[in-house]
file final-v3.cif (mmCIF, C-alpha atoms)
data_final
#
loop_
_atom_site.group_PDB
_atom_site.id
_atom_site.type_symbol
_atom_site.label_atom_id
_atom_site.label_comp_id
_atom_site.auth_asym_id
_atom_site.auth_seq_id
_atom_site.Cartn_x
_atom_site.Cartn_y
_atom_site.Cartn_z
ATOM 1 C CA MET W 1 -10.443 -12.528 -15.940
ATOM 2 C CA ASP W 2 -12.296 -9.242 -16.208
ATOM 3 C CA VAL W 3 -9.588 -6.840 -17.330
ATOM 4 C CA LYS W 4 -11.643 -3.688 -16.908
ATOM 5 C CA ARG W 5 -12.506 -4.590 -13.356
ATOM 6 C CA TRP W 6 -8.915 -5.487 -12.591
ATOM 7 C CA VAL W 7 -7.733 -2.156 -13.995
ATOM 8 C CA ARG W 8 -10.307 -0.269 -11.939
ATOM 9 C CA HIS W 9 -9.337 -1.976 -8.704
ATOM 10 C CA GLN W 10 -5.639 -2.277 -9.391
ATOM 11 C CA TRP W 11 -5.069 1.003 -11.178
ATOM 12 C CA ASP W 12 -1.610 1.418 -9.720
ATOM 13 C CA ARG W 13 -0.474 -1.988 -10.892
ATOM 14 C CA ALA W 14 -2.076 -1.405 -14.276
ATOM 15 C CA ALA W 15 -0.261 1.923 -14.543
ATOM 16 C CA ALA W 16 2.960 0.196 -13.523
ATOM 17 C CA VAL W 17 2.538 -2.363 -16.304
ATOM 18 C CA VAL W 18 1.779 0.331 -18.878
ATOM 19 C CA ILE W 19 4.697 2.519 -17.796
ATOM 20 C CA ALA W 20 7.060 -0.462 -17.719
ATOM 21 C CA CYS W 21 6.008 -1.372 -21.260
ATOM 22 C CA GLY W 22 6.569 2.255 -22.266
ATOM 23 C CA GLY W 23 9.992 2.207 -20.650
ATOM 24 C CA LEU W 24 10.940 -0.956 -22.520
ATOM 25 C CA VAL W 25 9.753 0.565 -25.796
ATOM 26 C CA VAL W 26 11.777 3.733 -25.136
ATOM 27 C CA LEU W 27 14.809 1.618 -24.296
ATOM 28 C CA GLY W 28 14.345 -0.319 -27.518
ATOM 29 C CA VAL W 29 14.019 2.875 -29.552
ATOM 30 C CA GLY W 30 17.180 4.230 -27.954
ATOM 31 C CA LEU W 31 19.011 0.995 -28.672
ATOM 32 C CA ALA W 32 17.915 1.052 -32.301
ATOM 33 C CA GLY W 33 19.008 4.685 -32.617
ATOM 34 C CA VAL W 34 22.398 3.941 -31.151
ATOM 35 C CA ASN W 35 22.775 1.009 -33.548
ATOM 36 C CA ARG W 36 21.920 3.169 -36.549
ATOM 37 C CA ALA W 37 24.276 5.999 -35.613
ATOM 38 C CA HIS W 38 27.927 5.642 -36.476
ATOM 39 C CA LEU W 39 29.469 8.538 -34.565
ATOM 40 C CA ALA W 40 29.646 8.874 -30.821
ATOM 41 C CA THR W 41 28.194 12.373 -31.080
ATOM 42 C CA GLN W 42 25.146 10.859 -32.771
ATOM 43 C CA GLN W 43 24.849 8.033 -30.268
ATOM 44 C CA ILE W 44 24.996 10.030 -27.027
ATOM 45 C CA PRO W 45 21.657 11.838 -27.556
ATOM 46 C CA TYR W 46 20.001 8.437 -28.015
ATOM 47 C CA LEU W 47 21.657 7.303 -24.812
ATOM 48 C CA ALA W 48 20.394 10.404 -23.001
ATOM 49 C CA SER W 49 16.882 10.108 -24.327
ATOM 50 C CA GLY W 50 16.159 6.438 -24.948
ATOM 51 C CA GLY W 51 18.468 4.857 -22.401
ATOM 52 C CA LEU W 52 18.053 7.130 -19.411
ATOM 53 C CA LEU W 53 14.395 7.910 -20.017
ATOM 54 C CA GLY W 54 13.665 4.192 -20.323
ATOM 55 C CA LEU W 55 15.402 3.536 -17.020
ATOM 56 C CA PHE W 56 13.516 6.439 -15.458
ATOM 57 C CA LEU W 57 10.189 5.001 -16.573
ATOM 58 C CA LEU W 58 11.120 1.528 -15.354
ATOM 59 C CA GLY W 59 11.963 3.038 -11.971
ATOM 60 C CA ILE W 60 8.571 4.722 -11.772
ATOM 61 C CA ALA W 61 6.860 1.471 -12.740
ATOM 62 C CA ALA W 62 8.701 -0.440 -10.029
ATOM 63 C CA THR W 63 7.806 2.241 -7.488
ATOM 64 C CA LEU W 64 4.149 2.074 -8.454
ATOM 65 C CA TRP W 65 4.071 -1.708 -8.178
ATOM 66 C CA LEU W 66 5.815 -1.791 -4.804
ATOM 67 C CA SER W 67 3.595 1.045 -3.571
ATOM 68 C CA ALA W 68 0.575 -1.052 -4.471
ATOM 69 C CA ASP W 69 1.969 -3.918 -2.395
ATOM 70 C CA LEU W 70 2.533 -1.618 0.560
ATOM 71 C CA ARG W 71 -0.936 -0.137 0.198
ATOM 72 C CA ASP W 72 -2.480 -3.602 0.156
ATOM 73 C CA GLU W 73 -0.596 -4.518 3.302
ATOM 74 C CA TRP W 74 -1.681 -1.285 4.938
ATOM 75 C CA ARG W 75 -5.313 -1.960 4.103
ATOM 76 C CA LYS W 76 -5.109 -5.482 5.477
ATOM 77 C CA LEU W 77 -3.549 -4.277 8.720
ATOM 78 C CA ASP W 78 -6.247 -1.646 8.984
ATOM 79 C CA GLU W 79 -8.981 -4.255 8.519
ATOM 80 C CA ILE W 80 -7.458 -6.511 11.175
ATOM 81 C CA HIS W 81 -7.136 -3.606 13.546
ATOM 82 C CA ARG W 82 -10.749 -2.600 13.003
ATOM 83 C CA ASP W 83 -11.884 -6.165 13.686
ATOM 84 C CA LEU W 84 -9.826 -6.266 16.855
ATOM 85 C CA ARG W 85 -11.180 -2.946 17.990
ATOM 86 C CA ALA W 86 -14.748 -3.978 17.238
ATOM 87 C CA ALA W 87 -14.296 -7.199 19.175
ATOM 88 C CA ARG W 88 -12.794 -5.297 22.058
ATOM 89 C CA ASP W 89 -15.522 -2.687 22.056
ATOM 90 C CA GLU W 90 -18.138 -5.410 22.367
ATOM 91 C CA GLY W 91 -16.658 -6.191 25.752
ATOM 92 C CA VAL W 92 -16.899 -2.657 27.093
ATOM 93 C CA PRO W 93 -19.860 -2.490 29.490
ATOM 94 C CA ALA W 94 -22.547 0.125 29.141
ATOM 95 C CA ALA W 95 -22.970 2.600 32.000
ATOM 96 C CA GLY W 96 -24.850 1.041 34.912
ATOM 97 C CA ASP W 97 -24.435 -2.532 33.711
ATOM 98 C CA GLY W 98 -21.885 -3.372 36.339
ATOM 99 C CA PRO W 99 -18.710 -5.258 35.589
ATOM 100 C CA GLY W 100 -18.825 -6.448 32.033
ATOM 101 C CA ARG W 101 -17.214 -9.020 29.907
ATOM 102 C CA SER W 102 -14.223 -7.953 27.962
ATOM 103 C CA VAL W 103 -12.455 -9.643 25.143
ATOM 104 C CA GLY W 104 -9.770 -11.874 26.441
ATOM 105 C CA GLY W 105 -11.072 -11.498 29.964
ATOM 106 C CA ARG W 106 -9.164 -8.296 30.478
ATOM 107 C CA ARG W 107 -10.632 -4.902 31.232
ATOM 108 C CA ARG W 108 -9.287 -2.117 29.125
ATOM 109 C CA MET T 1 -22.192 3.560 42.271
ATOM 110 C CA SER T 2 -22.353 2.654 38.634
ATOM 111 C CA PRO T 3 -19.050 1.938 36.960
ATOM 112 C CA THR T 4 -17.968 4.397 34.365
ATOM 113 C CA PRO T 5 -17.355 2.954 30.926
ATOM 114 C CA THR T 6 -13.711 2.369 30.341
ATOM 115 C CA THR T 7 -12.143 4.235 27.489
ATOM 116 C CA PRO T 8 -9.721 2.235 25.367
ATOM 117 C CA THR T 9 -6.129 3.133 25.974
ATOM 118 C CA PRO T 10 -4.819 4.988 22.911
ATOM 119 C CA THR T 11 -2.298 2.623 21.431
ATOM 120 C CA LEU T 12 -0.154 3.039 18.376
ATOM 121 C CA SER T 13 -2.491 1.606 15.807
ATOM 122 C CA PRO T 14 -2.798 1.732 12.023
ATOM 123 C CA GLN T 15 -5.710 4.116 12.508
ATOM 124 C CA LEU T 16 -3.687 6.380 14.748
ATOM 125 C CA LEU T 17 -0.708 6.199 12.439
ATOM 126 C CA ARG T 18 -2.923 6.984 9.515
ATOM 127 C CA ASP T 19 -4.374 9.968 11.332
ATOM 128 C CA ARG T 20 -0.882 11.096 12.129
ATOM 129 C CA TRP T 21 0.526 10.551 8.683
ATOM 130 C CA TRP T 22 -2.564 11.750 6.878
ATOM 131 C CA PRO T 23 -3.524 14.653 9.124
ATOM 132 C CA ARG T 24 -5.403 16.706 6.587
ATOM 133 C CA ASN T 25 -7.243 14.124 4.614
ATOM 134 C CA PRO T 26 -8.872 16.025 1.752
ATOM 135 C CA ILE T 27 -11.404 13.269 1.186
ATOM 136 C CA GLY T 28 -12.253 12.763 4.822
ATOM 137 C CA GLY T 29 -13.409 9.791 6.840
ATOM 138 C CA SER T 30 -11.869 6.466 6.108
ATOM 139 C CA ALA T 31 -10.909 7.257 2.555
ATOM 140 C CA SER T 32 -7.235 7.448 3.386
ATOM 141 C CA VAL T 33 -6.058 4.022 2.483
ATOM 142 C CA ALA T 34 -2.349 4.506 2.080
ATOM 143 C CA PRO T 35 0.546 4.867 4.470
ATOM 144 C CA TRP T 36 1.668 8.102 2.842
ATOM 145 C CA SER T 37 0.620 11.679 3.365
ATOM 146 C CA PRO T 38 -0.546 13.968 0.534
ATOM 147 C CA GLU T 39 2.511 16.093 1.229
ATOM 148 C CA GLY T 40 4.685 13.059 0.624
ATOM 149 C CA LEU T 41 2.841 12.355 -2.597
ATOM 150 C CA ALA T 42 3.280 15.956 -3.734
ATOM 151 C CA ARG T 43 6.962 15.764 -2.879
ATOM 152 C CA LEU T 44 7.319 12.572 -4.877
ATOM 153 C CA VAL T 45 5.578 14.028 -7.925
ATOM 154 C CA LEU T 46 7.552 17.250 -7.776
ATOM 155 C CA THR T 47 10.880 15.499 -7.364
ATOM 156 C CA ASN T 48 10.171 13.094 -10.173
ATOM 157 C CA GLY T 49 9.075 16.041 -12.306
ATOM 158 C CA ALA T 50 12.350 17.800 -11.551
ATOM 159 C CA GLY T 51 14.222 14.633 -12.474
ATOM 160 C CA LEU T 52 12.297 14.420 -15.718
ATOM 161 C CA VAL T 53 13.090 18.068 -16.495
ATOM 162 C CA LEU T 54 16.794 17.408 -15.903
ATOM 163 C CA LEU T 55 16.589 14.357 -18.175
ATOM 164 C CA ALA T 56 14.930 16.356 -20.942
ATOM 165 C CA LEU T 57 17.325 19.279 -20.483
ATOM 166 C CA GLY T 58 20.344 17.017 -20.675
ATOM 167 C CA TRP T 59 18.982 15.305 -23.753
ATOM 168 C CA TYR T 60 18.114 18.587 -25.464
ATOM 169 C CA GLN T 61 21.448 20.198 -24.725
ATOM 170 C CA ALA T 62 23.451 17.088 -25.588
ATOM 171 C CA SER T 63 21.731 16.951 -28.954
ATOM 172 C CA GLY T 64 22.944 20.480 -29.707
ATOM 173 C CA GLN T 65 26.592 19.847 -28.870
ATOM 174 C CA VAL T 66 29.067 18.957 -31.552
ATOM 175 C CA THR T 67 31.811 17.544 -29.352
ATOM 176 C CA VAL T 68 31.686 14.416 -27.231
ATOM 177 C CA ARG T 69 33.092 16.348 -24.303
ATOM 178 C CA GLY T 70 30.231 18.852 -24.429
ATOM 179 C CA GLN T 71 27.687 16.084 -24.809
ATOM 180 C CA LEU T 72 29.074 14.151 -21.847
ATOM 181 C CA THR T 73 28.608 17.207 -19.650
ATOM 182 C CA TRP T 74 24.923 17.311 -20.480
ATOM 183 C CA LEU T 75 24.685 13.553 -20.243
ATOM 184 C CA ASN T 76 25.766 13.976 -16.634
ATOM 185 C CA VAL T 77 22.842 16.341 -16.157
ATOM 186 C CA SER T 78 20.534 13.650 -17.469
ATOM 187 C CA LEU T 79 22.146 11.131 -15.135
ATOM 188 C CA ALA T 80 21.563 13.543 -12.259
ATOM 189 C CA GLY T 81 17.896 13.662 -13.232
ATOM 190 C CA LEU T 82 17.746 9.881 -13.167
ATOM 191 C CA GLY T 83 19.399 9.905 -9.754
ATOM 192 C CA VAL T 84 16.965 12.488 -8.387
ATOM 193 C CA GLY T 85 14.023 10.386 -9.504
ATOM 194 C CA GLY T 86 15.570 7.222 -8.075
ATOM 195 C CA ILE T 87 16.245 8.828 -4.707
ATOM 196 C CA ALA T 88 12.710 10.217 -4.527
ATOM 197 C CA ASN T 89 11.197 6.851 -5.365
ATOM 198 C CA GLY T 90 13.436 5.050 -2.914
ATOM 199 C CA ALA T 91 12.585 7.483 -0.129
ATOM 200 C CA TRP T 92 8.889 7.089 -0.920
ATOM 201 C CA LEU T 93 9.086 3.315 -0.686
ATOM 202 C CA LEU T 94 11.176 3.390 2.472
ATOM 203 C CA ARG T 95 8.708 5.709 4.131
ATOM 204 C CA GLY T 96 5.811 3.469 3.186
ATOM 205 C CA ARG T 97 7.673 0.421 4.397
ATOM 206 C CA GLN T 98 8.463 2.152 7.664
ATOM 207 C CA ALA T 99 4.828 3.115 8.181
ATOM 208 C CA VAL T 100 3.633 -0.409 7.448
ATOM 209 C CA GLY T 101 6.230 -1.833 9.805
ATOM 210 C CA MET T 102 5.134 0.502 12.581
ATOM 211 C CA ALA T 103 1.505 -0.372 11.963
ATOM 212 C CA ARG T 104 2.305 -4.077 12.068
ATOM 213 C CA ALA T 105 4.181 -3.673 15.342
ATOM 214 C CA ALA T 106 1.303 -1.637 16.779
ATOM 215 C CA LEU T 107 -1.160 -4.302 15.710
ATOM 216 C CA PHE T 108 0.788 -7.069 17.411
ATOM 217 C CA GLN T 109 1.021 -4.951 20.527
ATOM 218 C CA ASP T 110 -2.704 -4.295 20.397
ATOM 219 C CA ARG T 111 -3.451 -7.962 19.897
ATOM 220 C CA SER T 112 -1.215 -9.027 22.765
ATOM 221 C CA ASP T 113 -2.995 -6.500 24.983
ATOM 222 C CA ALA T 114 -6.372 -7.958 24.080
ATOM 223 C CA THR T 115 -5.435 -11.628 24.354
ATOM 224 C CA PRO T 116 -4.680 -13.243 27.679
ATOM 225 C CA SER T 117 -1.355 -14.973 27.853
ATOM 226 C CA PRO T 118 -1.674 -18.762 27.648
ATOM 227 C CA HIS T 119 1.150 -18.998 30.164
ATOM 228 C CA PRO T 120 0.158 -17.212 33.355
ATOM 229 C CA VAL T 121 2.927 -15.354 35.088
ATOM 230 C CA PRO T 122 4.090 -17.500 38.024
ATOM 231 C CA ASP T 123 3.645 -15.963 41.424
ATOM 232 C CA ASP T 124 7.090 -16.089 42.973
ATOM 233 C CA ARG T 125 6.121 -14.424 46.211
ATOM 234 C CA PRO T 126 6.910 -16.435 49.355
ATOM 235 C CA VAL T 127 4.006 -18.277 50.930
ATOM 236 C CA THR T 128 2.901 -19.100 54.410
ATOM 237 C CA GLY T 129 -0.146 -20.475 56.094
ATOM 238 C CA PRO T 130 -2.097 -20.338 59.352
ATOM 239 C CA GLY T 131 -0.052 -21.535 62.315
ATOM 240 C CA MET T 132 3.210 -21.537 60.378
ATOM 241 C CA THR T 133 6.222 -19.710 61.762
ATOM 242 C CA ARG T 134 8.207 -19.634 58.542
ATOM 243 C CA PHE T 135 7.591 -18.500 55.046
ATOM 244 C CA HIS T 136 8.618 -20.632 52.098
ATOM 245 C CA ARG T 137 9.029 -20.658 48.365
ATOM 246 C CA ALA T 138 5.843 -21.857 46.717
ATOM 247 C CA ALA T 139 7.652 -24.997 45.580
ATOM 248 C CA CYS T 140 9.175 -25.764 48.948
ATOM 249 C CA PRO T 141 8.385 -29.336 50.083
ATOM 250 C CA LEU T 142 7.711 -28.074 53.606
ATOM 251 C CA ALA T 143 4.827 -25.997 52.242
ATOM 252 C CA ALA T 144 3.508 -28.673 49.961
ATOM 253 C CA GLY T 145 -0.022 -29.814 50.727
ATOM 254 C CA LYS T 146 -0.696 -26.966 53.127
ATOM 255 C CA VAL T 147 -3.153 -24.155 52.686
ATOM 256 C CA VAL T 148 -0.866 -21.223 52.013
ATOM 257 C CA SER T 149 -1.184 -17.757 50.598
ATOM 258 C CA PRO T 150 1.490 -15.608 48.977
ATOM 259 C CA ALA T 151 2.620 -12.250 50.266
ATOM 260 C CA ARG T 152 5.580 -9.995 49.938
ATOM 261 C CA ARG T 153 8.651 -10.900 51.945
ATOM 262 C CA ALA T 154 8.484 -7.658 53.924
ATOM 263 C CA GLU T 155 4.950 -8.485 54.924
ATOM 264 C CA HIS T 156 5.963 -11.899 56.221
ATOM 265 C CA GLU T 157 8.810 -10.400 58.177
ATOM 266 C CA ARG T 158 6.544 -7.755 59.655
ATOM 267 C CA ARG T 159 4.350 -10.529 60.995
ATOM 268 C CA GLY T 160 7.349 -12.050 62.738
ATOM 269 C CA LEU T 161 7.855 -14.946 60.353
ATOM 270 C CA VAL T 162 11.334 -16.140 59.462
ATOM 271 C CA PRO T 163 12.504 -17.557 56.135
ATOM 272 C CA CYS T 164 12.592 -21.282 55.732
ATOM 273 C CA GLU T 165 16.125 -22.691 56.070
ATOM 274 C CA VAL T 166 15.412 -25.396 53.509
ATOM 275 C CA CYS T 167 14.214 -23.394 50.497
ATOM 276 C CA ASP T 168 15.766 -20.053 51.500
ATOM 277 C CA PRO T 169 13.095 -17.835 49.919
#
call {"tool": "encode", "arguments": {"input": "final-v3.cif", "output": "structure tokens"}}
result
Amino acid sequence: MDVKRWVRHQWDRAAAVVIACGGLVVLGVGLAGVNRAHLATQQIPYLASGGLLGLFLLGIAATLWLSADLRDEWRKLDEIHRDLRAARDEGVPAAGDGPGRSVGGRRR
Amino acid sequence: MSPTPTTPTPTLSPQLLRDRWWPRNPIGGSASVAPWSPEGLARLVLTNGAGLVLLALGWYQASGQVTVRGQLTWLNVSLAGLGVGGIANGAWLLRGRQAVGMARAALFQDRSDATPSPHPVPDDRPVTGPGMTRFHRAACPLAAGKVVSPARRAEHERRGLVPCEVCDP
């Protein structure tokens, strides 16, 4: 698989993968920091930074990925609609041609 | 008289929805390929930025506190930032899903308009024929095999015809 081409065409999914990896790394760093600290006052900043920031990044990654799915679906619907419209427009008669053929046998 | 070209009825289509949801396309033409508007995108970025600022603020302030109680207060600020980002992302996805759903429904409507129904709508108007004094249901055995034509009931009655006592149209 051509990775560069995939990244160019699927930039949102590629960004989602990168951000999700970053979120997991941040979560891991926060977990390691919490494990190293012995006092609650030392652990909470790691929770605020590593834990919550990691979750934040994972949320953005999920949003990007799902947005890409929605965008793909939108594009597909748009293509189908254009095809339908083109097929329908073929049936519209030119001026002076008299009654014309229309797609599906129905005049629009 | 030459027939005028028919203009397609404006239906709710992905194109129309896109024009509506992407009214000021900065790129122009058919470059808008997403169900979201630039305003929605700006709102998403700004809200996520605000969430990120709250996260960083909570982290920074919590790091400077010496008591757990003080840290938990700022941890709540960070949690609020996470919530703000989550709500913005959820709203973004719901809006996109709604737009796609509307486009899908519009497409099916468009397709059903363009495709003739495989099951023609039955004509349930009463029928009668030349020389007949009654009008019947189309399926009435007394009208079977005769050359009949449908018309509205009021029309039959205006012509002095009476309803068939067998099929009671």
call {"tool": "closest_residue", "arguments": {"input": "final-v3.cif", "among": "W:Ala61, W:Ala87, W:Val29, W:Val7", "to": "Leu47 (chain W)", "atoms": "all atoms listed in the file"}}
result
W:Val29
call {"tool": "resolve_selection", "arguments": {"input": "final-v3.cif", "expression": "the PyMOL selection byres ((chain T and resi 51-68) around 9)", "output": "ChimeraX atom specification"}}
result
/W:40-42,44-49,52-53,56 /T:46-50,69-86
call {"tool": "atom_distance", "arguments": {"input": "final-v3.cif", "atom1": "CA of Lys76 (chain W)", "atom2": "CA of Glu90 (chain W)"}}
result
21.3 Å
call {"tool": "atom_distance", "arguments": {"input": "final-v3.cif", "atom1": "CA of Leu58 (chain W)", "atom2": "CA of His9 (chain W)"}}
result
21.8 Å
call {"tool": "atom_distance", "arguments": {"input": "final-v3.cif", "atom1": "CA of Trp74 (chain W)", "atom2": "CA of Gly59 (chain W)"}}
result
22.2 Å
call {"tool": "axis_aligned_box", "arguments": {"input": "final-v3.cif", "around": "region 141-147 of chain T", "padding_each_side": "6 Å", "output": "lines of an AutoDock Vina configuration file"}}
result
center_x = 2.6
center_y = -27.0
center_z = 51.8
size_x = 23.5
size_y = 17.7
size_z = 15.6
call {"tool": "resolve_selection", "arguments": {"input": "final-v3.cif", "expression": "the PyMOL selection byres ((chain W and resi 14) around 12)", "output": "ChimeraX atom specification"}}
result
/W:3-13,15-21,61-62,64-65,68
call {"tool": "closest_residue", "arguments": {"input": "final-v3.cif", "among": "W:Thr63, W:Asp72, W:Leu84, W:Leu31", "to": "Ala88 (chain T)", "atoms": "only C-alpha atoms"}}
result
W:Thr63
call {"tool": "closest_residue", "arguments": {"input": "final-v3.cif", "among": "T:Gly160, T:Pro169, T:Gly90, T:Gly40", "to": "chain W", "atoms": "only C-alpha atoms"}}
result
T:Gly90
call {"tool": "resolve_selection", "arguments": {"input": "final-v3.cif", "expression": "the PyMOL selection byres ((chain T and resi 162) around 8)", "output": "mmCIF file with C-alpha atoms, keeping the file's coordinate frame"}}
result
data_model
loop_
_atom_site.group_PDB
_atom_site.id
_atom_site.type_symbol
_atom_site.label_atom_id
_atom_site.label_comp_id
_atom_site.auth_asym_id
_atom_site.auth_seq_id
_atom_site.Cartn_x
_atom_site.Cartn_y
_atom_site.Cartn_z
ATOM 1 C CA THR T 133 6.222 -19.710 61.762
ATOM 2 C CA ARG T 134 8.207 -19.634 58.542
ATOM 3 C CA PHE T 135 7.591 -18.500 55.046
ATOM 4 C CA HIS T 156 5.963 -11.899 56.221
ATOM 5 C CA GLU T 157 8.810 -10.400 58.177
ATOM 6 C CA GLY T 160 7.349 -12.050 62.738
ATOM 7 C CA LEU T 161 7.855 -14.946 60.353
ATOM 8 C CA PRO T 163 12.504 -17.557 56.135
ATOM 9 C CA CYS T 164 12.592 -21.282 55.732
#
